[in-house]
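Here is the file work.csv (CSV, C-alpha atoms and all ligand atoms).
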chain,number,residue,atom,x,y,z
A,1,MET,CA,-10.0,23.1,-7.5
A,2,ARG,CA,-7.5,25.9,-6.5
A,3,ILE,CA,-6.4,25.3,-2.9
A,4,LEU,CA,-4.3,27.5,-0.7
A,5,ILE,CA,-2.5,25.8,2.2
A,6,THR,CA,-0.9,28.1,4.8
A,7,GLY,CA,1.9,26.4,6.7
A,8,GLY,CA,2.2,24.0,3.8
A,9,ALA,CA,5.9,23.3,4.5
A,10,GLY,CA,5.1,22.1,8.0
A,11,PHE,CA,4.3,18.6,9.3
A,12,VAL,CA,0.6,18.4,8.7
A,13,GLY,CA,0.5,21.0,5.9
A,14,SER,CA,3.0,19.1,3.8
A,15,HIS,CA,0.9,15.9,3.9
A,16,LEU,CA,-2.1,18.0,2.6
A,17,CYS,CA,0.0,19.6,-0.1
A,18,GLU,CA,1.1,16.1,-1.3
A,19,ARG,CA,-2.4,14.7,-1.3
A,20,TYR,CA,-4.0,17.5,-3.3
A,21,VAL,CA,-1.1,17.9,-5.7
A,22,LYS,CA,-1.3,14.2,-6.5
A,23,GLU,CA,-5.1,14.5,-6.9
A,24,GLY,CA,-4.4,17.0,-9.6
A,25,HIS,CA,-5.6,20.2,-7.9
A,26,THR,CA,-3.7,23.4,-8.1
A,27,VAL,CA,-2.0,23.9,-4.7
A,28,LEU,CA,-0.6,27.1,-3.5
A,29,CYS,CA,1.6,26.6,-0.5
A,30,VAL,CA,2.6,29.6,1.6
A,31,ASP,CA,5.1,29.3,4.5
A,32,ASN,CA,7.6,31.6,6.2
A,33,PHE,CA,9.7,28.6,7.3
A,34,LEU,CA,9.5,29.5,11.0
A,35,SER,CA,9.2,25.8,11.8
A,36,GLY,CA,8.6,24.3,8.4
A,37,SER,CA,11.3,22.8,6.1
A,38,LEU,CA,11.9,22.6,2.3
A,39,ASP,CA,12.7,19.0,2.9
A,40,ASN,CA,9.0,18.4,3.6
A,41,ILE,CA,7.8,19.6,0.2
A,42,LYS,CA,10.8,19.6,-2.3
A,43,HIS,CA,9.6,16.3,-3.8
A,44,LEU,CA,6.5,18.3,-5.0
A,45,LEU,CA,8.4,21.2,-6.7
A,46,ASP,CA,8.5,19.6,-10.1
A,47,TYR,CA,4.7,19.1,-10.3
A,48,HIS,CA,3.3,21.9,-12.5
A,49,ASN,CA,0.2,22.2,-10.2
A,50,PHE,CA,2.3,23.0,-7.1
A,51,LYS,CA,3.3,26.5,-6.3
A,52,LEU,CA,5.5,27.3,-3.3
A,53,VAL,CA,5.6,30.9,-2.0
A,54,LYS,CA,7.9,31.9,0.8
A,55,GLY,CA,5.8,34.5,2.7
A,56,ASP,CA,4.1,35.4,5.9
A,57,ILE,CA,0.3,35.1,6.5
A,58,ARG,CA,0.5,38.6,8.2
A,59,ASP,CA,1.5,40.2,4.9
A,60,LYS,CA,-1.8,41.6,3.7
A,61,GLU,CA,-0.6,42.4,0.2
A,62,LEU,CA,1.0,39.1,-0.5
A,63,MET,CA,-1.9,37.1,1.0
A,64,GLY,CA,-4.5,39.2,-1.0
A,65,SER,CA,-2.6,38.3,-4.2
A,66,LEU,CA,-2.7,34.6,-3.2
A,67,ILE,CA,-6.2,34.4,-1.9
A,68,ASN,CA,-7.8,36.1,-4.9
A,69,GLY,CA,-9.2,33.3,-7.0
A,70,VAL,CA,-8.8,30.3,-4.6
A,71,ASP,CA,-11.7,28.0,-3.9
A,72,VAL,CA,-10.6,26.7,-0.6
A,73,ILE,CA,-8.1,27.6,2.1
A,74,PHE,CA,-6.6,25.1,4.6
A,75,HIS,CA,-5.2,27.4,7.3
A,76,LEU,CA,-2.5,25.7,9.3
A,77,ALA,CA,0.2,28.3,9.6
A,78,ALA,CA,0.9,29.0,13.3
A,79,GLN,CA,3.5,29.3,16.0
A,80,ILE,CA,2.6,25.9,17.3
A,81,HIS,CA,5.0,25.3,20.2
A,82,VAL,CA,3.9,25.7,23.8
A,83,ASP,CA,7.5,26.2,25.1
A,84,ARG,CA,8.2,28.9,22.5
A,85,SER,CA,5.0,30.7,23.5
A,86,TYR,CA,6.3,31.1,27.0
A,87,ILE,CA,9.3,33.1,25.8
A,88,GLU,CA,7.7,34.7,22.7
A,89,PRO,CA,4.0,35.3,23.6
A,90,GLU,CA,3.8,38.3,21.4
A,91,LEU,CA,5.0,36.5,18.3
A,92,THR,CA,2.6,33.6,19.1
A,93,TRP,CA,-0.3,36.0,19.4
A,94,ASP,CA,0.7,38.0,16.3
A,95,ILE,CA,0.9,34.9,14.0
A,96,ASN,CA,-1.9,32.9,15.4
A,97,VAL,CA,-4.5,35.7,16.0
A,98,HIS,CA,-3.6,38.6,13.7
A,99,GLY,CA,-2.4,36.1,11.0
A,100,THR,CA,-5.7,34.3,11.1
A,101,GLN,CA,-7.7,37.5,11.2
A,102,ASN,CA,-5.9,38.5,8.0
A,103,ILE,CA,-6.8,35.3,6.3
A,104,LEU,CA,-10.5,35.5,7.3
A,105,GLU,CA,-10.8,39.1,6.2
A,106,LEU,CA,-9.2,38.4,2.8
A,107,ALA,CA,-11.3,35.3,2.4
A,108,ARG,CA,-14.4,37.3,3.0
A,109,PHE,CA,-13.4,40.0,0.5
A,110,TYR,CA,-12.5,37.4,-2.2
A,111,ASP,CA,-15.5,35.1,-1.6
A,112,VAL,CA,-13.5,32.0,-0.8
A,113,LYS,CA,-16.0,29.0,-0.7
A,114,ARG,CA,-14.6,27.2,2.3
A,115,ILE,CA,-11.9,28.0,4.9
A,116,ILE,CA,-10.8,25.0,7.0
A,117,VAL,CA,-9.0,26.2,10.1
A,118,SER,CA,-6.7,24.2,12.4
A,119,SER,CA,-7.6,25.1,16.0
A,120,SER,CA,-6.3,22.7,18.7
A,121,SER,CA,-7.2,20.6,21.7
A,122,GLU,CA,-4.8,22.9,23.6
A,123,VAL,CA,-7.8,25.4,23.8
A,124,TYR,CA,-9.3,23.2,26.5
A,125,GLY,CA,-6.5,23.1,29.1
A,126,THR,CA,-6.3,20.2,31.6
A,127,ALA,CA,-9.3,17.8,31.3
A,128,LEU,CA,-12.1,18.6,33.8
A,129,TYR,CA,-13.7,15.4,32.5
A,130,VAL,CA,-12.8,12.8,30.0
A,131,PRO,CA,-13.3,12.2,27.2
A,132,MET,CA,-13.4,15.9,26.4
A,133,ASP,CA,-16.1,16.9,24.0
A,134,GLU,CA,-16.5,20.3,22.3
A,135,LYS,CA,-18.5,21.7,25.2
A,136,HIS,CA,-15.5,21.3,27.6
A,137,PRO,CA,-14.6,24.8,28.9
A,138,LEU,CA,-11.8,26.6,27.2
A,139,ASN,CA,-9.2,26.9,30.0
A,140,ALA,CA,-5.8,27.0,28.1
A,141,PRO,CA,-3.1,27.8,30.7
A,142,HIS,CA,-0.4,29.0,28.3
A,143,PRO,CA,0.0,31.7,25.6
A,144,TYR,CA,-0.2,29.2,22.8
A,145,GLY,CA,-3.5,27.8,24.0
A,146,ALA,CA,-4.8,31.3,24.6
A,147,SER,CA,-3.9,32.4,21.1
A,148,LYS,CA,-5.7,29.3,19.7
A,149,ILE,CA,-8.8,30.2,21.7
A,150,ALA,CA,-8.8,33.7,20.2
A,151,MET,CA,-8.3,32.5,16.6
A,152,ASP,CA,-10.9,29.7,17.1
A,153,ARG,CA,-13.5,32.2,18.4
A,154,MET,CA,-12.7,34.7,15.7
A,155,CYS,CA,-13.4,32.0,13.1
A,156,ALA,CA,-16.7,31.3,14.8
A,157,ALA,CA,-17.5,35.0,14.7
A,158,TYR,CA,-16.8,35.3,11.0
A,159,GLN,CA,-19.0,32.3,10.4
A,160,LYS,CA,-21.9,33.7,12.4
A,161,THR,CA,-21.5,37.4,11.4
A,162,TYR,CA,-20.9,37.0,7.7
A,163,GLY,CA,-22.3,33.6,7.0
A,164,MET,CA,-19.0,32.3,5.8
A,165,ASP,CA,-18.2,28.6,5.5
A,166,VAL,CA,-15.4,28.5,8.1
A,167,VAL,CA,-14.8,25.0,9.5
A,168,ILE,CA,-13.1,24.9,12.9
A,169,MET,CA,-11.2,21.6,13.4
A,170,ARG,CA,-9.8,20.8,16.9
A,171,PRO,CA,-7.3,18.0,16.5
A,172,PHE,CA,-5.7,16.4,19.6
A,173,ASN,CA,-2.0,15.5,19.3
A,174,ILE,CA,-0.9,14.3,15.9
A,175,PHE,CA,2.2,12.3,15.1
A,176,GLY,CA,3.9,10.8,12.1
A,177,ALA,CA,6.5,11.3,9.4
A,178,ARG,CA,8.0,14.8,9.0
A,179,GLN,CA,7.2,16.0,12.5
A,180,ARG,CA,10.0,18.1,13.8
A,181,ASP,CA,12.4,16.4,16.3
A,182,ILE,CA,14.6,19.1,17.6
A,183,GLY,CA,14.2,22.2,19.7
A,184,TYR,CA,10.6,23.0,19.8
A,185,GLY,CA,9.6,19.5,18.7
A,186,ALA,CA,6.8,17.1,19.5
A,187,VAL,CA,7.3,14.5,22.2
A,188,ILE,CA,7.1,11.4,20.0
A,189,SER,CA,9.7,12.8,17.6
A,190,LEU,CA,11.9,14.0,20.4
A,191,PHE,CA,11.8,10.6,22.2
A,192,THR,CA,12.4,8.7,19.0
A,193,ARG,CA,15.4,10.8,18.0
A,194,ARG,CA,17.0,10.2,21.4
A,195,VAL,CA,16.2,6.5,21.6
A,196,LEU,CA,17.5,5.7,18.1
A,197,ASN,CA,20.7,7.7,18.9
A,198,GLY,CA,21.1,5.6,22.1
A,199,ILE,CA,20.3,8.5,24.4
A,200,PRO,CA,17.5,8.2,27.1
A,201,PRO,CA,14.3,10.2,26.6
A,202,ILE,CA,13.8,13.0,29.1
A,203,ILE,CA,10.6,13.1,31.0
A,204,TYR,CA,9.4,16.4,32.7
A,205,GLY,CA,7.9,15.7,36.1
A,206,ASP,CA,6.9,12.1,37.1
A,207,GLY,CA,5.6,11.2,33.6
A,208,SER,CA,2.0,10.8,34.8
A,209,GLN,CA,0.7,13.5,32.5
A,210,ARG,CA,-1.5,11.9,29.9
A,211,ARG,CA,-2.0,12.6,26.2
A,212,GLU,CA,-3.5,11.0,23.2
A,213,TYR,CA,-2.1,10.7,19.7
A,214,THR,CA,-3.7,10.5,16.3
A,215,TYR,CA,-1.6,9.2,13.4
A,216,ILE,CA,-1.1,11.6,10.5
A,217,ASP,CA,-2.8,9.4,7.9
A,218,ASP,CA,-6.0,9.5,10.0
A,219,ILE,CA,-5.8,13.3,10.2
A,220,VAL,CA,-5.2,13.7,6.5
A,221,ARG,CA,-8.4,11.6,5.9
A,222,ALA,CA,-10.2,13.9,8.4
A,223,TYR,CA,-9.2,17.1,6.5
A,224,ASP,CA,-10.3,15.5,3.3
A,225,LEU,CA,-13.7,14.5,4.7
A,226,VAL,CA,-14.1,18.1,5.9
A,227,LEU,CA,-13.1,19.5,2.5
A,228,LYS,CA,-15.6,17.3,0.7
A,229,TYR,CA,-18.6,17.6,3.1
A,230,PRO,CA,-21.5,19.2,1.3
A,231,ASP,CA,-22.9,21.4,4.1
A,232,LEU,CA,-21.8,24.1,6.5
A,233,VAL,CA,-20.8,22.8,9.9
A,234,HIS,CA,-21.5,25.4,12.5
A,235,GLU,CA,-19.6,24.4,15.6
A,236,PRO,CA,-16.0,23.2,16.2
A,237,VAL,CA,-15.3,19.5,15.8
A,238,ASN,CA,-12.8,17.4,17.7
A,239,PHE,CA,-10.6,14.9,16.0
A,240,ALA,CA,-9.2,12.4,18.6
A,241,THR,CA,-8.8,8.8,19.4
A,242,GLY,CA,-10.3,8.9,22.9
A,243,VAL,CA,-7.5,6.7,24.2
A,244,ASP,CA,-4.8,8.3,26.3
A,245,TYR,CA,-1.4,7.3,27.6
A,246,SER,CA,1.0,8.7,30.3
A,247,ILE,CA,4.2,10.2,29.0
A,248,LYS,CA,6.0,7.4,30.9
A,249,GLU,CA,4.0,4.7,29.0
A,250,LEU,CA,4.7,6.5,25.8
A,251,ALA,CA,8.5,6.6,26.4
A,252,GLU,CA,8.4,2.9,27.3
A,253,MET,CA,6.5,2.0,24.1
A,254,ILE,CA,9.0,3.9,21.9
A,255,ILE,CA,12.0,2.2,23.7
A,256,GLU,CA,10.4,-1.2,23.2
A,257,ILE,CA,9.4,-0.8,19.6
A,258,SER,CA,12.9,0.6,18.8
A,259,GLY,CA,14.4,-2.6,20.4
A,260,SER,CA,16.3,-0.5,23.0
A,261,LYS,CA,17.0,-1.1,26.7
A,262,LEU,CA,17.3,2.5,27.7
A,263,LYS,CA,15.6,3.9,30.8
A,264,PRO,CA,14.0,7.4,30.7
A,265,ILE,CA,15.6,10.3,32.7
A,266,TYR,CA,13.3,12.3,34.9
A,267,THR,CA,13.7,16.1,35.5
A,268,ASN,CA,11.6,19.1,36.8
A,269,LYS,CA,8.0,19.5,35.8
A,270,ARG,CA,7.4,22.1,33.1
A,271,MET,CA,5.5,25.3,33.9
A,272,ALA,CA,1.8,25.6,33.0
A,273,GLU,CA,1.8,22.0,31.6
A,274,VAL,CA,-1.6,20.5,31.0
A,275,ASP,CA,-2.0,17.3,33.0
A,276,ARG,CA,-4.4,15.4,30.8
A,277,LEU,CA,-5.9,15.7,27.3
A,278,CYS,CA,-8.2,13.0,26.0
A,279,GLY,CA,-10.7,13.8,23.3
A,280,ASP,CA,-14.2,12.8,22.4
A,281,ALA,CA,-14.6,12.6,18.6
A,282,THR,CA,-18.3,11.6,18.6
A,283,ARG,CA,-19.3,14.6,16.5
A,284,ALA,CA,-16.6,13.9,13.9
A,285,GLU,CA,-18.0,10.4,13.5
A,286,GLN,CA,-21.7,11.6,13.4
A,287,ILE,CA,-21.0,14.4,10.9
A,288,TYR,CA,-18.2,13.2,8.8
A,289,GLY,CA,-18.2,9.4,9.5
A,290,TRP,CA,-14.6,9.9,10.7
A,291,TYR,CA,-12.9,7.7,13.3
A,292,PRO,CA,-9.2,6.8,13.7
A,293,GLU,CA,-8.1,3.6,12.1
A,294,ILE,CA,-4.5,3.4,13.2
A,295,GLY,CA,-3.7,2.6,16.8
A,296,ILE,CA,-0.8,3.9,18.8
A,297,GLN,CA,1.4,0.8,18.5
A,298,GLU,CA,0.9,0.6,14.7
A,299,GLY,CA,1.4,4.3,14.3
A,300,LEU,CA,4.6,4.3,16.4
A,301,LYS,CA,6.0,1.4,14.4
A,302,ARG,CA,5.3,3.1,11.1
A,303,PHE,CA,6.9,6.3,12.5
A,304,ILE,CA,10.0,4.7,13.9
A,305,ASP,CA,10.5,2.7,10.6
A,306,TRP,CA,10.2,6.0,8.7
A,307,TYR,CA,12.5,7.7,11.1
A,308,ARG,CA,15.2,5.1,10.7
A,309,VAL,CA,15.3,5.8,7.0
A,310,TYR,CA,14.6,9.5,6.6
A,311,GLY,CA,14.6,11.1,10.1
A,312,PHE,CA,18.2,11.9,10.9
A,313,GLU,CA,19.6,15.3,10.2
A,314,ARG,CA,16.4,16.6,8.6
A,315,TRP,CA,16.2,19.6,10.8
A,316,LEU,CA,19.8,20.8,11.0
A,317,ASP,CA,19.0,23.6,8.5
A,318,ILE,CA,16.5,25.2,10.9
A,319,ARG,CA,17.7,28.3,12.7
B,401,LIG,N1,0.8,18.7,15.4
B,401,LIG,C1,-0.1,18.6,16.3
B,401,LIG,O1,-0.1,17.7,17.2
B,401,LIG,C2,-1.3,19.5,16.2
B,401,LIG,C3,-2.4,19.3,17.1
B,401,LIG,C4,-3.5,20.2,17.0
B,401,LIG,C5,-3.5,21.3,16.2
B,401,LIG,N2,-2.4,21.5,15.4
B,401,LIG,C6,-2.4,22.7,14.5
B,401,LIG,O2,-2.2,22.2,13.1
B,401,LIG,C7,-1.5,23.2,12.4
B,401,LIG,C8,-0.2,22.6,11.8
B,401,LIG,O3,0.6,22.1,12.9
B,401,LIG,P1,2.0,21.3,12.5
B,401,LIG,O4,2.1,20.3,13.6
B,401,LIG,O5,2.0,20.9,11.1
B,401,LIG,O6,3.0,22.4,12.8
B,401,LIG,P2,4.3,22.9,12.0
B,401,LIG,O7,5.1,23.8,12.9
B,401,LIG,O8,5.0,21.8,11.4
B,401,LIG,O9,3.6,23.7,10.8
B,401,LIG,C9,3.2,25.1,11.0
B,401,LIG,C10,3.8,25.8,9.7
B,401,LIG,O10,3.4,27.1,9.7
B,401,LIG,C11,4.5,27.9,9.3
B,401,LIG,N3,4.3,29.3,9.8
B,401,LIG,C12,4.5,29.7,11.1
B,401,LIG,N4,4.2,31.0,11.1
B,401,LIG,C13,3.9,31.4,9.8
B,401,LIG,C14,3.6,32.7,9.3
B,401,LIG,N5,3.5,33.8,10.0
B,401,LIG,N6,3.4,32.7,7.9
B,401,LIG,C15,3.5,31.6,7.2
B,401,LIG,N7,3.8,30.4,7.7
B,401,LIG,C16,4.0,30.3,9.0
B,401,LIG,C17,5.7,27.2,9.8
B,401,LIG,O11,6.9,27.5,9.2
B,401,LIG,C18,5.3,25.7,9.7
B,401,LIG,O12,5.7,25.2,8.4
B,401,LIG,C19,-1.2,24.3,13.4
B,401,LIG,O13,-2.1,25.4,13.3
B,401,LIG,C20,-1.4,23.7,14.8
B,401,LIG,O14,-1.8,24.6,15.8
B,401,LIG,C21,-1.3,20.6,15.4

Will you turn the file into structure tokens for me?
Ligand SMILES: NC(=O)c1ccc[n+]([C@@H]2O[C@H](COP(=O)([O-])OP(=O)(O)OC[C@H]3O[C@@H](n4cnc5c(N)ncnc54)[C@H](O)[C@@H]3O)[C@@H](O)[C@H]2O)c1
Amino acid sequence: MRILITGGAGFVGSHLCERYVKEGHTVLCVDNFLSGSLDNIKHLLDYHNFKLVKGDIRDKELMGSLINGVDVIFHLAAQIHVDRSYIEPELTWDINVHGTQNILELARFYDVKRIIVSSSSEVYGTALYVPMDEKHPLNAPHPYGASKIAMDRMCAAYQKTYGMDVVIMRPFNIFGARQRDIGYGAVISLFTRRVLNGIPPIIYGDGSQRREYTYIDDIVRAYDLVLKYPDLVHEPVNFATGVDYSIKELAEMIIEISGSKLKPIYTNKRMAEVDRLCGDATRAEQIYGWYPEIGIQEGLKRFIDWYRVYGFERWLDIR
């Protein structure tokens, strides 16, 4: 199979590149390195079936030349950071909405068989009920979530209008090796970096905000089941564990697993922060037979072990 992975130098995308290169497929990875890193994929460069292209999903000419002839697209490229979306809402919209529109239109033109799109649990906003199924209202309070709603709905429109096989995945928070740990990073990576450096993790607000976390290996398995599923799936599908933790509990778990005695530092609440996200992945199980196999304790242990060996200084090349 000839597979295009947008955002392939990022956290999740790099795991997908690795999986499909090692399975022997031809993998085209396109990334503009906004938040991705060569470190994530350089071990793949000497595989003849892996092609890395530095480029932007908004570049129609480039993307046309890449999409012509591919069987499947995994579309992950995005400006993914909520904080960055506060200060760069236009960039966030441009990449996440116009970029996705570009991919959809070219995929339509070149008859791509399946387009697997990463939407996000952030489309929902704070939980009105838990666990949150796919019928939960789309109430994202920040520009990142709003852009994800727009791209998610545009994908549904292409599916319905043109009969295209566009699969909309809504993962809840994901964690694991290669997740960025500085600047616009994810909470588990940020906390782990601080704790392993002997610096207390910083909690915004009182730490009662709740999230749930799926380990990267479970998510890669989810993408693979979606890729290999024989039929068209019409509505978005959540991928979640259904078990949430407060940020305070999360910080305490990371401190304990790291063998540290640090105490978190508390500071002001962040603007427009979602209070609670906890997903219902019943549809994922019914359709794909998917359910998470790796619990939070095991996932954190694996991540912290990985981080001790490979984590430090990975992101210093990021501007
Ligand atoms: N990580 C999570 O917890 C999570 C949860 C739900 C959904 N998602 C979605 O999964 C996808 C991947 O997320 P991730 O955590 O791997 O993030 P990431 O930031 O590591 O990966 C995104 C990649 O896209 C690239 N990119 C950004 N703009 C681009 C552009 N214009 N052209 C080409 N490449 C561009 C970045 O350089 C980066 O490598 C995103 O669409 C995100 O919204 C992630």

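Using all atoms listed in the file, the nearest neighbour of ligand LIG 401 (chain B) within the list A:Tyr266, A:Tyr215, A:Phe175, A:Tyr158 is A:Phe175.
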
My list of candidates is A:His234, A:Lys261, A:His48, A:His81. Which is closest to ligand LIG 401 (chain B) when distances are computed with only C-alpha atoms and all ligand atoms?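 That would be A:His81, the residue with the smallest distance to ligand LIG 401 (chain B).
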
Please produce, as CSV, a per-residue contact table for segment 92-143 of chain A versus segment 279-286 of chain A (criterion: any atom at most 10 Å away, only C-alpha atoms considered), showing the nearest atom pair and its distance in Å to one decimal, sorted by chain then residue number.
residue,atom,partner,partner_atom,distance
A:Ser121,CA,A:Gly279,CA,7.8
A:Ala127,CA,A:Gly279,CA,9.1
A:Tyr129,CA,A:Gly279,CA,9.8
A:Val130,CA,A:Gly279,CA,7.1
A:Pro131,CA,A:Asp280,CA,4.9
A:Met132,CA,A:Gly279,CA,4.6
A:Asp133,CA,A:Asp280,CA,4.8
A:Glu134,CA,A:Asp280,CA,7.8
A:His136,CA,A:Gly279,CA,9.9

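Take the candidates A:Ile67, A:Val166, A:Leu138, A:Ala240 and check each one against ligand LIG 401 (chain B) using all atoms listed in the file; the shortest distance goes to A:Ala240.
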
Report as a tab-separated table: every residue of chain A with an atom at most 7 Å from ligand LIG 401 (chain B), its closest pair of atoms, and their distance in Å to one decimal, counting all atoms listed in the file, with rows sorted by chain and ascending residue number.
residue	atom	partner	partner_atom	distance
A:Thr6	CA	B:LIG401	N7	6.0
A:Gly7	CA	B:LIG401	O10	3.4
A:Gly8	CA	B:LIG401	O12	5.9
A:Ala9	CA	B:LIG401	O12	4.3
A:Gly10	CA	B:LIG401	O12	3.2
A:Phe11	CA	B:LIG401	O5	3.7
A:Val12	CA	B:LIG401	O5	3.7
A:Gly13	CA	B:LIG401	O5	5.4
A:Val30	CA	B:LIG401	C15	6.0
A:Asp31	CA	B:LIG401	N7	3.6
A:Asn32	CA	B:LIG401	C15	4.2
A:Phe33	CA	B:LIG401	O11	3.6
A:Leu34	CA	B:LIG401	O11	3.7
A:Ser35	CA	B:LIG401	O11	3.9
A:Gly36	CA	B:LIG401	O12	3.0
A:Ser37	CA	B:LIG401	O12	6.5
A:Gly55	CA	B:LIG401	C15	5.8
A:Asp56	CA	B:LIG401	N6	3.4
A:Ile57	CA	B:LIG401	N6	4.2
A:Arg58	CA	B:LIG401	N5	5.9
A:Leu76	CA	B:LIG401	O13	4.0
A:Ala77	CA	B:LIG401	O10	3.4
A:Ala78	CA	B:LIG401	C12	4.3
A:Gln79	CA	B:LIG401	C12	5.0
A:Ile80	CA	B:LIG401	O14	4.8
A:Ile95	CA	B:LIG401	N5	4.9
A:Gly99	CA	B:LIG401	N5	6.4
A:Ser118	CA	B:LIG401	O13	4.8
A:Ser119	CA	B:LIG401	C5	5.6
A:Ser120	CA	B:LIG401	C5	4.0
A:Ser121	CA	B:LIG401	C4	6.0
A:Arg170	CA	B:LIG401	C4	6.3
A:Pro171	CA	B:LIG401	C4	4.4
A:Phe172	CA	B:LIG401	C3	5.1
A:Asn173	CA	B:LIG401	O1	3.6
A:Ile174	CA	B:LIG401	O1	3.7
A:Phe175	CA	B:LIG401	O1	6.2
A:Gln179	CA	B:LIG401	O8	6.3
A:Arg180	CA	B:LIG401	O8	6.7

Just-selected residues, C-alpha atoms written as a JSON list (two decimals), in the coordinates of the input:
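part-v2.json, written as the output of this step:
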[["chain", "number", "residue", "atom", "x", "y", "z"],
["A", 6, "THR", "CA", -0.90, 28.10, 4.80],
["A", 7, "GLY", "CA", 1.90, 26.40, 6.70],
["A", 8, "GLY", "CA", 2.20, 24.00, 3.80],
["A", 9, "ALA", "CA", 5.90, 23.30, 4.50],
["A", 10, "GLY", "CA", 5.10, 22.10, 8.00],
["A", 11, "PHE", "CA", 4.30, 18.60, 9.30],
["A", 12, "VAL", "CA", 0.60, 18.40, 8.70],
["A", 13, "GLY", "CA", 0.50, 21.00, 5.90],
["A", 30, "VAL", "CA", 2.60, 29.60, 1.60],
["A", 31, "ASP", "CA", 5.10, 29.30, 4.50],
["A", 32, "ASN", "CA", 7.60, 31.60, 6.20],
["A", 33, "PHE", "CA", 9.70, 28.60, 7.30],
["A", 34, "LEU", "CA", 9.50, 29.50, 11.00],
["A", 35, "SER", "CA", 9.20, 25.80, 11.80],
["A", 36, "GLY", "CA", 8.60, 24.30, 8.40],
["A", 37, "SER", "CA", 11.30, 22.80, 6.10],
["A", 55, "GLY", "CA", 5.80, 34.50, 2.70],
["A", 56, "ASP", "CA", 4.10, 35.40, 5.90],
["A", 57, "ILE", "CA", 0.30, 35.10, 6.50],
["A", 58, "ARG", "CA", 0.50, 38.60, 8.20],
["A", 76, "LEU", "CA", -2.50, 25.70, 9.30],
["A", 77, "ALA", "CA", 0.20, 28.30, 9.60],
["A", 78, "ALA", "CA", 0.90, 29.00, 13.30],
["A", 79, "GLN", "CA", 3.50, 29.30, 16.00],
["A", 80, "ILE", "CA", 2.60, 25.90, 17.30],
["A", 95, "ILE", "CA", 0.90, 34.90, 14.00],
["A", 99, "GLY", "CA", -2.40, 36.10, 11.00],
["A", 118, "SER", "CA", -6.70, 24.20, 12.40],
["A", 119, "SER", "CA", -7.60, 25.10, 16.00],
["A", 120, "SER", "CA", -6.30, 22.70, 18.70],
["A", 121, "SER", "CA", -7.20, 20.60, 21.70],
["A", 170, "ARG", "CA", -9.80, 20.80, 16.90],
["A", 171, "PRO", "CA", -7.30, 18.00, 16.50],
["A", 172, "PHE", "CA", -5.70, 16.40, 19.60],
["A", 173, "ASN", "CA", -2.00, 15.50, 19.30],
["A", 174, "ILE", "CA", -0.90, 14.30, 15.90],
["A", 175, "PHE", "CA", 2.20, 12.30, 15.10],
["A", 179, "GLN", "CA", 7.20, 16.00, 12.50],
["A", 180, "ARG", "CA", 10.00, 18.10, 13.80]]

Of the listed residues A:His25, A:Arg221, A:His142, A:Arg153, that which approaches Met271 of chain A most closely, counting only C-alpha atoms: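 Distance minimum relative to Met271 of chain A lands on A:His142.
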
Kindly indicate which residue among A:Phe303, A:Tyr144, A:Tyr124, A:Tyr204 lies nearest to Asn96 of chain A, using all atoms listed in the file for the distances.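 For Asn96 of chain A, the nearest of the given residues is A:Tyr144.
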
Closest to Asp231 of chain A among A:Ala107, A:Val70, A:Ser65, A:Tyr288, using only C-alpha atoms? A:Tyr288

Record the distance separating atom CA of Ile115 of chain A and atom CA of Val72 of chain A, expressed in Å with one decimal.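 Going from atom CA of Ile115 of chain A over to atom CA of Val72 of chain A covers 5.8 Å.
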
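One finds atom CA of Asp94 of chain A at 8.7 Å from atom CA of Ser147 of chain A.
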
Around the point (14.3, 4.2, 15.5) (coordinates from the file), which residues reach within 9 Å if we count all atoms listed in the file? Answer as a PyMOL selection string. chain A and resi 192-197+254-255+257-259+301+303-309+311

By how many Å are atom CA of Tyr291 of chain A and atom CA of Val237 of chain A apart? 12.3 Å

If we draw a sphere of 10 Å around (12.4, 20.1, 16.2), which residues have at least one atom in it when counting all atoms listed in the file? Please report them as a VMD selection string. chain A and resid 35 to 36 81 178 to 187 189 to 190 193 314 to 316 318

Atoms are missing here; could segment 98-104 of chain A be completed with N, CA and C atoms and written as a short mmCIF file (atom, residue, chain, number, x, y, z; two decimals), in the frame of the given file?
data_model
loop_
_atom_site.label_atom_id
_atom_site.label_comp_id
_atom_site.auth_asym_id
_atom_site.auth_seq_id
_atom_site.Cartn_x
_atom_site.Cartn_y
_atom_site.Cartn_z
N HIS A 98 -3.54 37.56 14.75
CA HIS A 98 -3.60 38.60 13.70
C HIS A 98 -3.45 37.88 12.31
N GLY A 99 -2.61 36.85 12.24
CA GLY A 99 -2.40 36.10 11.00
C GLY A 99 -3.76 35.51 10.53
N THR A 100 -4.46 34.89 11.47
CA THR A 100 -5.70 34.30 11.10
C THR A 100 -6.79 35.30 10.73
N GLN A 101 -6.80 36.39 11.48
CA GLN A 101 -7.70 37.50 11.20
C GLN A 101 -7.51 37.99 9.73
N ASN A 102 -6.25 38.08 9.36
CA ASN A 102 -5.90 38.50 8.00
C ASN A 102 -6.48 37.58 6.95
N ILE A 103 -6.31 36.29 7.20
CA ILE A 103 -6.80 35.30 6.30
C ILE A 103 -8.34 35.39 6.16
N LEU A 104 -9.00 35.49 7.31
CA LEU A 104 -10.50 35.50 7.30
C LEU A 104 -10.98 36.75 6.55
#
